[in-house]
Amino acid sequence: MADRIMRVNAYTTLDLVDAAAEGHDFEEGALATLNVTSPREAPDEVTLQLELDNADLERLPPHADSVTLTPEQARQLAADLEKHADRVEAAGDD
């Protein structure tokens, strides 16, 4: 990934996932890095970060998006991810 904004190392949550950026008049797909972090000292929030590989994008400048979550919000997100993962997995078993 050229001009990477996020740091990627052995602790990165997902270093290559399929992603898409959508705008009012465009949609571009690219590989992306998805990471979940919290501060090492006195953690008080969870941060979810996403960066699309800008080498595959024509319309967007290099950037990374992030969402800061409370512990409760992070747990709700995790529960929804589990629920939908189970649903997709069950559909694949049919």
# chains A, B, ... in the order shown; residues from 1 in each chain; ligands from 1
$ select_by_dssp --residues "range 13-90 of chain A" --states "helix (DSSP H, G or I)" --output "ChimeraX atom specification"
/A:54-56,71-90
$ select_by_dssp --residues "chain A" --states "strand (DSSP E or B)" --output "PyMOL selection string"
chain A and resi 14-22+27-37+46-52+65-69
$ write_last_selection --atoms "N, CA and C atoms" --output "JSON list (two decimals), in the first residue's frame"
[["chain", "number", "residue", "atom", "x", "y", "z"],
["A", 14, "LEU", "N", -6.82, -6.96, 10.84],
["A", 14, "LEU", "CA", -6.96, -7.56, 9.51],
["A", 14, "LEU", "C", -6.17, -6.70, 8.53],
["A", 15, "ASP", "N", -5.10, -7.25, 7.96],
["A", 15, "ASP", "CA", -4.27, -6.41, 7.10],
["A", 15, "ASP", "C", -4.69, -6.42, 5.64],
["A", 16, "LEU", "N", -5.51, -7.37, 5.21],
["A", 16, "LEU", "CA", -6.00, -7.37, 3.82],
["A", 16, "LEU", "C", -7.44, -7.84, 3.79],
["A", 17, "VAL", "N", -8.37, -6.92, 3.60],
["A", 17, "VAL", "CA", -9.79, -7.25, 3.45],
["A", 17, "VAL", "C", -10.31, -6.55, 2.21],
["A", 18, "ASP", "N", -11.35, -7.10, 1.61],
["A", 18, "ASP", "CA", -12.01, -6.43, 0.49],
["A", 18, "ASP", "C", -12.83, -5.28, 1.04],
["A", 19, "ALA", "N", -12.75, -4.13, 0.39],
["A", 19, "ALA", "CA", -13.47, -2.95, 0.86],
["A", 19, "ALA", "C", -13.96, -2.14, -0.33],
["A", 20, "ALA", "N", -14.84, -1.21, -0.06],
["A", 20, "ALA", "CA", -15.33, -0.31, -1.10],
["A", 20, "ALA", "C", -15.55, 1.07, -0.51],
["A", 21, "ALA", "N", -15.33, 2.06, -1.33],
["A", 21, "ALA", "CA", -15.65, 3.44, -0.98],
["A", 21, "ALA", "C", -16.79, 3.86, -1.90],
["A", 22, "GLU", "N", -17.84, 4.42, -1.32],
["A", 22, "GLU", "CA", -19.00, 4.83, -2.10],
["A", 22, "GLU", "C", -19.22, 6.33, -1.94],
["A", 27, "GLU", "N", -18.30, 4.44, -7.04],
["A", 27, "GLU", "CA", -17.96, 3.38, -6.10],
["A", 27, "GLU", "C", -16.64, 2.78, -6.56],
["A", 28, "GLU", "N", -15.71, 2.67, -5.64],
["A", 28, "GLU", "CA", -14.41, 2.09, -5.95],
["A", 28, "GLU", "C", -14.10, 0.98, -4.96],
["A", 29, "GLY", "N", -13.59, -0.13, -5.47],
["A", 29, "GLY", "CA", -13.20, -1.23, -4.61],
["A", 29, "GLY", "C", -11.69, -1.29, -4.49],
["A", 30, "ALA", "N", -11.23, -1.79, -3.34],
["A", 30, "ALA", "CA", -9.79, -1.92, -3.11],
["A", 30, "ALA", "C", -9.56, -2.84, -1.92],
["A", 31, "LEU", "N", -8.35, -3.34, -1.81],
["A", 31, "LEU", "CA", -7.96, -4.03, -0.59],
["A", 31, "LEU", "C", -7.82, -2.98, 0.51],
["A", 32, "ALA", "N", -7.99, -3.40, 1.75],
["A", 32, "ALA", "CA", -7.93, -2.44, 2.85],
["A", 32, "ALA", "C", -7.32, -3.07, 4.08],
["A", 33, "THR", "N", -6.94, -2.22, 5.02],
["A", 33, "THR", "CA", -6.49, -2.61, 6.34],
["A", 33, "THR", "C", -7.57, -2.20, 7.33],
["A", 34, "LEU", "N", -7.94, -3.13, 8.21],
["A", 34, "LEU", "CA", -8.94, -2.86, 9.24],
["A", 34, "LEU", "C", -8.30, -3.18, 10.58],
["A", 35, "ASN", "N", -8.34, -2.23, 11.50],
["A", 35, "ASN", "CA", -7.67, -2.43, 12.77],
["A", 35, "ASN", "C", -8.52, -1.95, 13.93],
["A", 36, "VAL", "N", -8.39, -2.64, 15.05],
["A", 36, "VAL", "CA", -9.05, -2.26, 16.30],
["A", 36, "VAL", "C", -7.95, -2.03, 17.33],
["A", 37, "THR", "N", -7.99, -0.88, 18.01],
["A", 37, "THR", "CA", -6.98, -0.56, 19.01],
["A", 37, "THR", "C", -7.61, 0.10, 20.22],
["A", 46, "VAL", "N", -12.19, 2.55, 22.46],
["A", 46, "VAL", "CA", -11.79, 1.58, 21.45],
["A", 46, "VAL", "C", -11.86, 2.30, 20.12],
["A", 47, "THR", "N", -10.83, 2.15, 19.29],
["A", 47, "THR", "CA", -10.81, 2.81, 17.99],
["A", 47, "THR", "C", -10.82, 1.76, 16.89],
["A", 48, "LEU", "N", -11.73, 1.93, 15.94],
["A", 48, "LEU", "CA", -11.83, 1.08, 14.76],
["A", 48, "LEU", "C", -11.35, 1.92, 13.59],
["A", 49, "GLN", "N", -10.34, 1.42, 12.86],
["A", 49, "GLN", "CA", -9.74, 2.17, 11.76],
["A", 49, "GLN", "C", -9.85, 1.37, 10.46],
["A", 50, "LEU", "N", -10.05, 2.07, 9.36],
["A", 50, "LEU", "CA", -10.11, 1.46, 8.04],
["A", 50, "LEU", "C", -9.36, 2.34, 7.05],
["A", 51, "GLU", "N", -8.46, 1.71, 6.29],
["A", 51, "GLU", "CA", -7.72, 2.43, 5.25],
["A", 51, "GLU", "C", -7.74, 1.60, 3.97],
["A", 52, "LEU", "N", -8.31, 2.15, 2.91],
["A", 52, "LEU", "CA", -8.28, 1.49, 1.61],
["A", 52, "LEU", "C", -6.95, 1.73, 0.94],
["A", 65, "ASP", "N", -10.10, 6.22, 7.75],
["A", 65, "ASP", "CA", -11.28, 6.57, 8.53],
["A", 65, "ASP", "C", -11.19, 5.87, 9.87],
["A", 66, "SER", "N", -11.70, 6.53, 10.91],
["A", 66, "SER", "CA", -11.71, 5.90, 12.22],
["A", 66, "SER", "C", -12.98, 6.26, 12.97],
["A", 67, "VAL", "N", -13.36, 5.35, 13.86],
["A", 67, "VAL", "CA", -14.52, 5.53, 14.72],
["A", 67, "VAL", "C", -14.05, 5.25, 16.14],
["A", 68, "THR", "N", -14.36, 6.15, 17.06],
["A", 68, "THR", "CA", -14.02, 5.95, 18.46],
["A", 68, "THR", "C", -15.27, 5.47, 19.19],
["A", 69, "LEU", "N", -15.13, 4.36, 19.89],
["A", 69, "LEU", "CA", -16.26, 3.71, 20.55],
["A", 69, "LEU", "C", -16.04, 3.62, 22.06]]
$ atom_distance --atom1 "CA of Ile5 in chain A" --atom2 "CA of Leu77 in chain A"
24.2 Å
$ closest_residue --among "A:Glu41, A:Ala90, A:His24, A:Asp80" --to "Arg59 in chain A" --atoms "only C-alpha atoms"
A:His24
$ atom_distance --atom1 "CA of Ala74 in chain A" --atom2 "CA of Thr13 in chain A"
14.5 Å
$ closest_residue --among "A:Arg4, A:Arg87, A:Asn9, A:Ala79" --to "Ala55 in chain A" --atoms "only C-alpha atoms"
A:Arg4
$ decode --residues "range 2-50 of chain A" --atoms "N, CA and C atoms" --output "CSV table (one decimal), in the first residue's frame"
chain,number,residue,atom,x,y,z
A,2,ALA,N,0.9,2.0,-1.0
A,2,ALA,CA,1.7,3.2,-1.1
A,2,ALA,C,1.1,4.3,-0.3
A,3,ASP,N,1.9,5.2,0.3
A,3,ASP,CA,1.5,6.3,1.1
A,3,ASP,C,0.6,5.8,2.3
A,4,ARG,N,0.9,4.7,2.9
A,4,ARG,CA,0.0,4.2,4.0
A,4,ARG,C,0.0,5.2,5.1
A,5,ILE,N,-1.2,5.4,5.7
A,5,ILE,CA,-1.4,6.3,6.8
A,5,ILE,C,-1.4,5.5,8.1
A,6,MET,N,-2.1,4.4,8.1
A,6,MET,CA,-2.1,3.5,9.3
A,6,MET,C,-0.8,2.7,9.4
A,7,ARG,N,-0.4,2.4,10.6
A,7,ARG,CA,0.7,1.5,10.8
A,7,ARG,C,0.2,0.1,10.8
A,8,VAL,N,0.9,-0.8,10.0
A,8,VAL,CA,0.5,-2.2,9.9
A,8,VAL,C,1.7,-3.0,10.4
A,9,ASN,N,1.4,-3.9,11.4
A,9,ASN,CA,2.4,-4.8,11.9
A,9,ASN,C,1.8,-6.1,12.2
A,10,ALA,N,2.5,-6.9,13.0
A,10,ALA,CA,2.0,-8.3,13.3
A,10,ALA,C,0.7,-8.2,14.2
A,11,TYR,N,0.5,-7.1,14.8
A,11,TYR,CA,-0.7,-7.0,15.7
A,11,TYR,C,-1.9,-6.3,15.0
A,12,THR,N,-1.8,-6.0,13.8
A,12,THR,CA,-2.9,-5.4,13.0
A,12,THR,C,-4.0,-6.4,12.9
A,13,THR,N,-5.3,-6.0,13.2
A,13,THR,CA,-6.4,-6.9,13.2
A,13,THR,C,-6.6,-7.7,11.9
A,14,LEU,N,-6.8,-7.0,10.8
A,14,LEU,CA,-7.0,-7.6,9.5
A,14,LEU,C,-6.2,-6.7,8.5
A,15,ASP,N,-5.1,-7.2,8.0
A,15,ASP,CA,-4.3,-6.4,7.1
A,15,ASP,C,-4.7,-6.4,5.6
A,16,LEU,N,-5.5,-7.4,5.2
A,16,LEU,CA,-6.0,-7.4,3.8
A,16,LEU,C,-7.4,-7.8,3.8
A,17,VAL,N,-8.4,-6.9,3.6
A,17,VAL,CA,-9.8,-7.3,3.5
A,17,VAL,C,-10.3,-6.5,2.2
A,18,ASP,N,-11.4,-7.1,1.6
A,18,ASP,CA,-12.0,-6.4,0.5
A,18,ASP,C,-12.8,-5.3,1.0
A,19,ALA,N,-12.7,-4.1,0.4
A,19,ALA,CA,-13.5,-3.0,0.9
A,19,ALA,C,-14.0,-2.1,-0.3
A,20,ALA,N,-14.8,-1.2,-0.1
A,20,ALA,CA,-15.3,-0.3,-1.1
A,20,ALA,C,-15.6,1.1,-0.5
A,21,ALA,N,-15.3,2.1,-1.3
A,21,ALA,CA,-15.6,3.4,-1.0
A,21,ALA,C,-16.8,3.9,-1.9
A,22,GLU,N,-17.8,4.4,-1.3
A,22,GLU,CA,-19.0,4.8,-2.1
A,22,GLU,C,-19.2,6.3,-1.9
A,23,GLY,N,-19.5,7.0,-3.0
A,23,GLY,CA,-19.9,8.4,-3.0
A,23,GLY,C,-21.2,8.5,-3.8
A,24,HIS,N,-21.6,9.8,-4.0
A,24,HIS,CA,-22.9,10.0,-4.7
A,24,HIS,C,-22.8,9.6,-6.1
A,25,ASP,N,-21.7,9.7,-6.7
A,25,ASP,CA,-21.6,9.3,-8.1
A,25,ASP,C,-20.5,8.4,-8.5
A,26,PHE,N,-20.0,7.6,-7.5
A,26,PHE,CA,-18.9,6.6,-7.7
A,26,PHE,C,-18.9,5.5,-6.7
A,27,GLU,N,-18.3,4.4,-7.0
A,27,GLU,CA,-18.0,3.4,-6.1
A,27,GLU,C,-16.6,2.8,-6.6
A,28,GLU,N,-15.7,2.7,-5.6
A,28,GLU,CA,-14.4,2.1,-6.0
A,28,GLU,C,-14.1,1.0,-5.0
A,29,GLY,N,-13.6,-0.1,-5.5
A,29,GLY,CA,-13.2,-1.2,-4.6
A,29,GLY,C,-11.7,-1.3,-4.5
A,30,ALA,N,-11.2,-1.8,-3.3
A,30,ALA,CA,-9.8,-1.9,-3.1
A,30,ALA,C,-9.6,-2.8,-1.9
A,31,LEU,N,-8.4,-3.3,-1.8
A,31,LEU,CA,-8.0,-4.0,-0.6
A,31,LEU,C,-7.8,-3.0,0.5
A,32,ALA,N,-8.0,-3.4,1.8
A,32,ALA,CA,-7.9,-2.4,2.9
A,32,ALA,C,-7.3,-3.1,4.1
A,33,THR,N,-6.9,-2.2,5.0
A,33,THR,CA,-6.5,-2.6,6.3
A,33,THR,C,-7.6,-2.2,7.3
A,34,LEU,N,-7.9,-3.1,8.2
A,34,LEU,CA,-8.9,-2.9,9.2
A,34,LEU,C,-8.3,-3.2,10.6
A,35,ASN,N,-8.3,-2.2,11.5
A,35,ASN,CA,-7.7,-2.4,12.8
A,35,ASN,C,-8.5,-1.9,13.9
A,36,VAL,N,-8.4,-2.6,15.1
A,36,VAL,CA,-9.0,-2.3,16.3
A,36,VAL,C,-7.9,-2.0,17.3
A,37,THR,N,-8.0,-0.9,18.0
A,37,THR,CA,-7.0,-0.6,19.0
A,37,THR,C,-7.6,0.1,20.2
A,38,SER,N,-6.8,0.2,21.3
A,38,SER,CA,-7.2,1.0,22.4
A,38,SER,C,-5.9,1.5,23.0
A,39,PRO,N,-5.9,2.6,23.7
A,39,PRO,CA,-4.7,3.2,24.3
A,39,PRO,C,-4.0,2.2,25.2
A,40,ARG,N,-2.6,2.2,25.2
A,40,ARG,CA,-1.9,1.2,26.0
A,40,ARG,C,-2.0,1.7,27.5
A,41,GLU,N,-1.9,2.9,27.8
A,41,GLU,CA,-2.0,3.4,29.1
A,41,GLU,C,-3.3,4.1,29.4
A,42,ALA,N,-4.0,3.8,30.4
A,42,ALA,CA,-5.3,4.3,30.8
A,42,ALA,C,-6.3,4.2,29.7
A,43,PRO,N,-6.5,3.0,29.1
A,43,PRO,CA,-7.4,2.9,28.0
A,43,PRO,C,-8.9,3.3,28.4
A,44,ASP,N,-9.4,4.2,27.6
A,44,ASP,CA,-10.8,4.7,27.9
A,44,ASP,C,-11.7,4.7,26.7
A,45,GLU,N,-11.2,4.1,25.6
A,45,GLU,CA,-11.9,4.0,24.3
A,45,GLU,C,-11.4,3.0,23.4
A,46,VAL,N,-12.2,2.5,22.5
A,46,VAL,CA,-11.8,1.6,21.4
A,46,VAL,C,-11.9,2.3,20.1
A,47,THR,N,-10.8,2.2,19.3
A,47,THR,CA,-10.8,2.8,18.0
A,47,THR,C,-10.8,1.8,16.9
A,48,LEU,N,-11.7,1.9,15.9
A,48,LEU,CA,-11.8,1.1,14.8
A,48,LEU,C,-11.3,1.9,13.6
A,49,GLN,N,-10.3,1.4,12.9
A,49,GLN,CA,-9.7,2.2,11.8
A,49,GLN,C,-9.8,1.4,10.5
A,50,LEU,N,-10.1,2.1,9.4
A,50,LEU,CA,-10.1,1.5,8.0
A,50,LEU,C,-9.4,2.3,7.0
